[in-house]
Amino acid sequence: MDLSLLVARAQRGDEVAFAELIKSCQVQLYRIALSYVKNREDALDIVSESVYQALVNLKSLRQPSYFNTWIIRIVINQAINSSRRRQRAEQGAQLQAETSNPHGLNSDDSIDLYAAIDRLSENERAVIILKYCEDLTLAQVADVLQRPLGTVKTHLHSALKALRLELKEEF
């Protein structure tokens, strides 16, 4: 069935149509969430919360043809918020550990690709994940992130440059 028709039915309250919409993109949403949080349970929580947010706010979607872009953006925002909450909690735990370990030695100082991606800015990380993990074109990435194509290209260029430098130092 046509995406626009399904979205229109779902906006009118058809739960079966909404379920079909979610089923069509659930794997992609999970992969995006997992690429941000690197934890199965957290990724499932993010997808679940995103689906709830999409259901609650579905009537605000003006162009039904952009449903996939819209829900991917919801997942990305949920993942970023989750990462920020986790990072604040880790900083609190680290501060507590530093007070008990005055030398502040970290036993795991290895740098791998995912750790390097995690250190990118939010914009750069989003472009890398959507471009290389989800195989979206740059135009699709620009649509999802609601940014001009030139800006997406700039973020991609700077992200790749930063990754090359960081991974080159590793080897």
# chains A, B, ... in the order shown; residues from 1 in each chain; ligands from 1
$ closest_atom_pairs --of "segment 32-73 of chain A" --to "segment 137-148 of chain A" --cutoff "10 Å" --atoms "only C-alpha atoms" --output "JSON lines"
{"residue": "A:Tyr66", "atom": "CA", "partner": "A:Asp143", "partner_atom": "CA", "distance": 8.9}
{"residue": "A:Asn68", "atom": "CA", "partner": "A:Val144", "partner_atom": "CA", "distance": 8.5}
{"residue": "A:Thr69", "atom": "CA", "partner": "A:Val144", "partner_atom": "CA", "distance": 4.9}
{"residue": "A:Trp70", "atom": "CA", "partner": "A:Val144", "partner_atom": "CA", "distance": 6.9}
{"residue": "A:Ile71", "atom": "CA", "partner": "A:Val144", "partner_atom": "CA", "distance": 8.9}
{"residue": "A:Ile72", "atom": "CA", "partner": "A:Val144", "partner_atom": "CA", "distance": 6.8}
{"residue": "A:Arg73", "atom": "CA", "partner": "A:Val144", "partner_atom": "CA", "distance": 5.9}
$ residues_around --residues "segment 8-14 of chain A" --least-positions-apart "4" --cutoff "7 Å" --atoms "only C-alpha atoms" --output "list in words"
Ser4, Phe18, Leu58, Lys59 and Pro64 of chain A
$ residues_around --residues "Ala159 of chain A" --least-positions-apart "5" --cutoff "10 Å" --atoms "only C-alpha atoms" --output "number ranges by chain"
A: 116-117, 119-121, 123-128, 153-154, 164-165
$ write_last_selection --atoms "N, CA, C and O atoms" --output "mmCIF file, in the first residue's frame"
data_model
loop_
_atom_site.group_PDB
_atom_site.id
_atom_site.type_symbol
_atom_site.label_atom_id
_atom_site.label_comp_id
_atom_site.auth_asym_id
_atom_site.auth_seq_id
_atom_site.Cartn_x
_atom_site.Cartn_y
_atom_site.Cartn_z
ATOM 1 N N ALA A 116 35.862 6.445 18.284
ATOM 2 C CA ALA A 116 36.215 7.650 17.544
ATOM 3 C C ALA A 116 34.951 8.346 17.028
ATOM 4 O O ALA A 116 34.850 9.579 17.080
ATOM 5 N N ILE A 117 33.997 7.570 16.552
ATOM 6 C CA ILE A 117 32.733 8.150 16.088
ATOM 7 C C ILE A 117 31.997 8.802 17.245
ATOM 8 O O ILE A 117 31.413 9.877 17.104
ATOM 9 N N ARG A 119 33.195 10.340 19.651
ATOM 10 C CA ARG A 119 33.831 11.603 20.017
ATOM 11 C C ARG A 119 33.556 12.729 19.018
ATOM 12 O O ARG A 119 33.934 13.867 19.256
ATOM 13 N N LEU A 120 32.913 12.409 17.921
ATOM 14 C CA LEU A 120 32.558 13.453 16.962
ATOM 15 C C LEU A 120 31.442 14.315 17.524
ATOM 16 O O LEU A 120 30.732 13.914 18.452
ATOM 17 N N SER A 121 31.258 15.475 16.934
ATOM 18 C CA SER A 121 30.129 16.317 17.340
ATOM 19 C C SER A 121 28.830 15.612 16.953
ATOM 20 O O SER A 121 28.839 14.695 16.121
ATOM 21 N N ASN A 123 26.357 16.586 15.137
ATOM 22 C CA ASN A 123 26.049 16.725 13.713
ATOM 23 C C ASN A 123 26.912 15.792 12.874
ATOM 24 O O ASN A 123 26.417 15.129 11.953
ATOM 25 N N GLU A 124 28.204 15.746 13.168
ATOM 26 C CA GLU A 124 29.107 14.880 12.403
ATOM 27 C C GLU A 124 28.752 13.414 12.614
ATOM 28 O O GLU A 124 28.740 12.632 11.674
ATOM 29 N N ARG A 125 28.459 13.037 13.856
ATOM 30 C CA ARG A 125 28.106 11.650 14.171
ATOM 31 C C ARG A 125 26.830 11.246 13.433
ATOM 32 O O ARG A 125 26.751 10.162 12.854
ATOM 33 N N ALA A 126 25.844 12.126 13.418
ATOM 34 C CA ALA A 126 24.586 11.820 12.736
ATOM 35 C C ALA A 126 24.824 11.594 11.244
ATOM 36 O O ALA A 126 24.287 10.645 10.660
ATOM 37 N N VAL A 127 25.637 12.435 10.625
ATOM 38 C CA VAL A 127 25.913 12.286 9.191
ATOM 39 C C VAL A 127 26.640 10.968 8.922
ATOM 40 O O VAL A 127 26.276 10.229 8.004
ATOM 41 N N ILE A 128 27.648 10.640 9.720
ATOM 42 C CA ILE A 128 28.402 9.391 9.526
ATOM 43 C C ILE A 128 27.488 8.180 9.687
ATOM 44 O O ILE A 128 27.507 7.255 8.869
ATOM 45 N N LYS A 153 27.411 18.019 3.605
ATOM 46 C CA LYS A 153 28.700 17.692 2.999
ATOM 47 C C LYS A 153 29.852 18.215 3.843
ATOM 48 O O LYS A 153 30.870 17.537 4.000
ATOM 49 N N THR A 154 29.695 19.405 4.401
ATOM 50 C CA THR A 154 30.726 19.975 5.268
ATOM 51 C C THR A 154 30.911 19.125 6.515
ATOM 52 O O THR A 154 32.042 18.832 6.926
ATOM 53 N N ARG A 164 40.032 10.144 10.309
ATOM 54 C CA ARG A 164 41.327 9.756 9.732
ATOM 55 C C ARG A 164 42.471 10.115 10.669
ATOM 56 O O ARG A 164 43.376 9.316 10.902
ATOM 57 N N LEU A 165 42.435 11.326 11.190
ATOM 58 C CA LEU A 165 43.497 11.763 12.102
ATOM 59 C C LEU A 165 43.533 10.907 13.366
ATOM 60 O O LEU A 165 44.608 10.466 13.787
#
$ select_by_dssp --residues "segment 8-155 of chain A" --states "helix (DSSP H, G or I)" --output "PyMOL selection string"
chain A and resi 8-11+15-37+40-60+64-100+113-118+122-133+138-145+149-155
$ closest_residue --among "A:Cys133, A:Ile76, A:Leu149, A:Val7" --to "Ser60 of chain A" --atoms "only C-alpha atoms"
A:Val7
$ residues_around --residues "Ser50 of chain A" --least-positions-apart "4" --cutoff "8 Å" --atoms "only C-alpha atoms" --output "list in words"
Ile46, Ala54, Ile71, Ile74, Val75 and Gln78 of chain A
$ write_last_selection --atoms "all heavy atoms" --output "PDB file, in the first residue's frame"
ATOM      1  N   ILE A  46      14.790   3.244  23.195  1.00  0.00           N
ATOM      2  CA  ILE A  46      14.736   4.435  22.344  1.00  0.00           C
ATOM      3  C   ILE A  46      13.703   4.258  21.236  1.00  0.00           C
ATOM      4  O   ILE A  46      12.897   5.152  20.978  1.00  0.00           O
ATOM      5  CB  ILE A  46      16.132   4.749  21.759  1.00  0.00           C
ATOM      6  CG1 ILE A  46      17.029   5.295  22.872  1.00  0.00           C
ATOM      7  CG2 ILE A  46      16.051   5.726  20.591  1.00  0.00           C
ATOM      8  CD1 ILE A  46      18.489   5.367  22.494  1.00  0.00           C
ATOM      9  N   ALA A  54       5.890   9.225  18.070  1.00  0.00           N
ATOM     10  CA  ALA A  54       5.335   9.312  16.714  1.00  0.00           C
ATOM     11  C   ALA A  54       3.820   9.137  16.742  1.00  0.00           C
ATOM     12  O   ALA A  54       3.092   9.867  16.052  1.00  0.00           O
ATOM     13  CB  ALA A  54       5.984   8.258  15.816  1.00  0.00           C
ATOM     14  N   ILE A  71      10.168  10.040  11.338  1.00  0.00           N
ATOM     15  CA  ILE A  71      10.347   9.114  12.455  1.00  0.00           C
ATOM     16  C   ILE A  71      11.831   8.834  12.710  1.00  0.00           C
ATOM     17  O   ILE A  71      12.243   8.638  13.852  1.00  0.00           O
ATOM     18  CB  ILE A  71       9.524   7.818  12.283  1.00  0.00           C
ATOM     19  CG1 ILE A  71       9.430   7.106  13.646  1.00  0.00           C
ATOM     20  CG2 ILE A  71      10.108   6.923  11.214  1.00  0.00           C
ATOM     21  CD1 ILE A  71       8.346   6.089  13.742  1.00  0.00           C
ATOM     22  N   ILE A  74      12.967  11.552  14.891  1.00  0.00           N
ATOM     23  CA  ILE A  74      12.520  11.329  16.277  1.00  0.00           C
ATOM     24  C   ILE A  74      13.479  10.360  16.971  1.00  0.00           C
ATOM     25  O   ILE A  74      13.885  10.586  18.110  1.00  0.00           O
ATOM     26  CB  ILE A  74      11.070  10.799  16.311  1.00  0.00           C
ATOM     27  CG1 ILE A  74      10.097  11.887  15.845  1.00  0.00           C
ATOM     28  CG2 ILE A  74      10.698  10.325  17.717  1.00  0.00           C
ATOM     29  CD1 ILE A  74       8.668  11.411  15.667  1.00  0.00           C
ATOM     30  N   VAL A  75      13.855   9.270  16.287  1.00  0.00           N
ATOM     31  CA  VAL A  75      14.779   8.289  16.870  1.00  0.00           C
ATOM     32  C   VAL A  75      16.125   8.936  17.167  1.00  0.00           C
ATOM     33  O   VAL A  75      16.706   8.725  18.243  1.00  0.00           O
ATOM     34  CB  VAL A  75      14.947   7.059  15.942  1.00  0.00           C
ATOM     35  CG1 VAL A  75      16.086   6.175  16.393  1.00  0.00           C
ATOM     36  CG2 VAL A  75      13.655   6.261  15.883  1.00  0.00           C
ATOM     37  N   GLN A  78      15.806  11.130  20.226  1.00  0.00           N
ATOM     38  CA  GLN A  78      15.700  10.299  21.434  1.00  0.00           C
ATOM     39  C   GLN A  78      17.063   9.710  21.792  1.00  0.00           C
ATOM     40  O   GLN A  78      17.431   9.662  22.966  1.00  0.00           O
ATOM     41  CB  GLN A  78      14.683   9.170  21.231  1.00  0.00           C
ATOM     42  CG  GLN A  78      13.248   9.622  21.173  1.00  0.00           C
ATOM     43  CD  GLN A  78      12.731  10.107  22.509  1.00  0.00           C
ATOM     44  OE1 GLN A  78      13.194   9.725  23.578  1.00  0.00           O
ATOM     45  NE2 GLN A  78      11.757  10.996  22.455  1.00  0.00           N
TER      46      GLN A  78
END
$ atom_distance --atom1 "atom CA of Glu49 of chain A" --atom2 "atom CA of Gln26 of chain A"
12.6 Å
$ residues_around --residues "Ile80 of chain A" --least-positions-apart "6" --cutoff "9 Å" --atoms "only C-alpha atoms" --output "ChimeraX atom specification"
/A:36-37,122
$ write_last_selection --atoms "N, CA, C and O atoms" --output "mmCIF file, in the first residue's frame"
data_model
loop_
_atom_site.group_PDB
_atom_site.id
_atom_site.type_symbol
_atom_site.label_atom_id
_atom_site.label_comp_id
_atom_site.auth_asym_id
_atom_site.auth_seq_id
_atom_site.Cartn_x
_atom_site.Cartn_y
_atom_site.Cartn_z
ATOM 1 N N TYR A 36 23.872 4.592 18.021
ATOM 2 C CA TYR A 36 24.117 5.684 18.967
ATOM 3 C C TYR A 36 24.457 5.182 20.357
ATOM 4 O O TYR A 36 25.378 5.679 20.988
ATOM 5 N N VAL A 37 23.708 4.196 20.850
ATOM 6 C CA VAL A 37 23.865 3.811 22.258
ATOM 7 C C VAL A 37 24.667 2.538 22.473
ATOM 8 O O VAL A 37 25.084 2.259 23.592
ATOM 9 N N GLU A 122 27.729 16.047 17.535
ATOM 10 C CA GLU A 122 26.444 15.400 17.248
ATOM 11 C C GLU A 122 26.107 15.454 15.761
ATOM 12 O O GLU A 122 25.631 14.475 15.190
#
$ residues_around --residues "Ala43 of chain A" --least-positions-apart "4" --cutoff "7 Å" --atoms "only C-alpha atoms" --output "list in words"
Tyr30, Ala33, Leu34, Val37, Asn39 and Val47 of chain A
$ write_last_selection --atoms "N, CA and C atoms" --output "PDB file, in the first residue's frame"
ATOM      1  N   TYR A  30      15.790   0.589  14.728  1.00  0.00           N
ATOM      2  CA  TYR A  30      16.593  -0.100  15.739  1.00  0.00           C
ATOM      3  C   TYR A  30      18.084   0.050  15.450  1.00  0.00           C
ATOM      4  N   ALA A  33      19.238   3.563  16.359  1.00  0.00           N
ATOM      5  CA  ALA A  33      19.332   3.725  17.816  1.00  0.00           C
ATOM      6  C   ALA A  33      20.532   2.961  18.367  1.00  0.00           C
ATOM      7  N   LEU A  34      20.742   1.750  17.883  1.00  0.00           N
ATOM      8  CA  LEU A  34      21.858   0.931  18.352  1.00  0.00           C
ATOM      9  C   LEU A  34      23.197   1.571  18.006  1.00  0.00           C
ATOM     10  N   VAL A  37      23.708   4.196  20.850  1.00  0.00           N
ATOM     11  CA  VAL A  37      23.865   3.811  22.258  1.00  0.00           C
ATOM     12  C   VAL A  37      24.667   2.538  22.473  1.00  0.00           C
ATOM     13  N   ASN A  39      23.941  -0.470  22.853  1.00  0.00           N
ATOM     14  CA  ASN A  39      23.390  -1.343  23.869  1.00  0.00           C
ATOM     15  C   ASN A  39      21.994  -1.758  23.415  1.00  0.00           C
ATOM     16  N   VAL A  47      13.707   3.091  20.607  1.00  0.00           N
ATOM     17  CA  VAL A  47      12.740   2.835  19.540  1.00  0.00           C
ATOM     18  C   VAL A  47      11.324   2.855  20.110  1.00  0.00           C
TER      19      VAL A  47
END
$ closest_residue --among "A:Glu20, A:Glu15, A:Asp2, A:Asp118" --to "Ser35 of chain A" --atoms "only C-alpha atoms"
A:Asp118
$ atom_distance --atom1 "atom CA of Asn57 of chain A" --atom2 "atom CA of Val27 of chain A"
21.1 Å
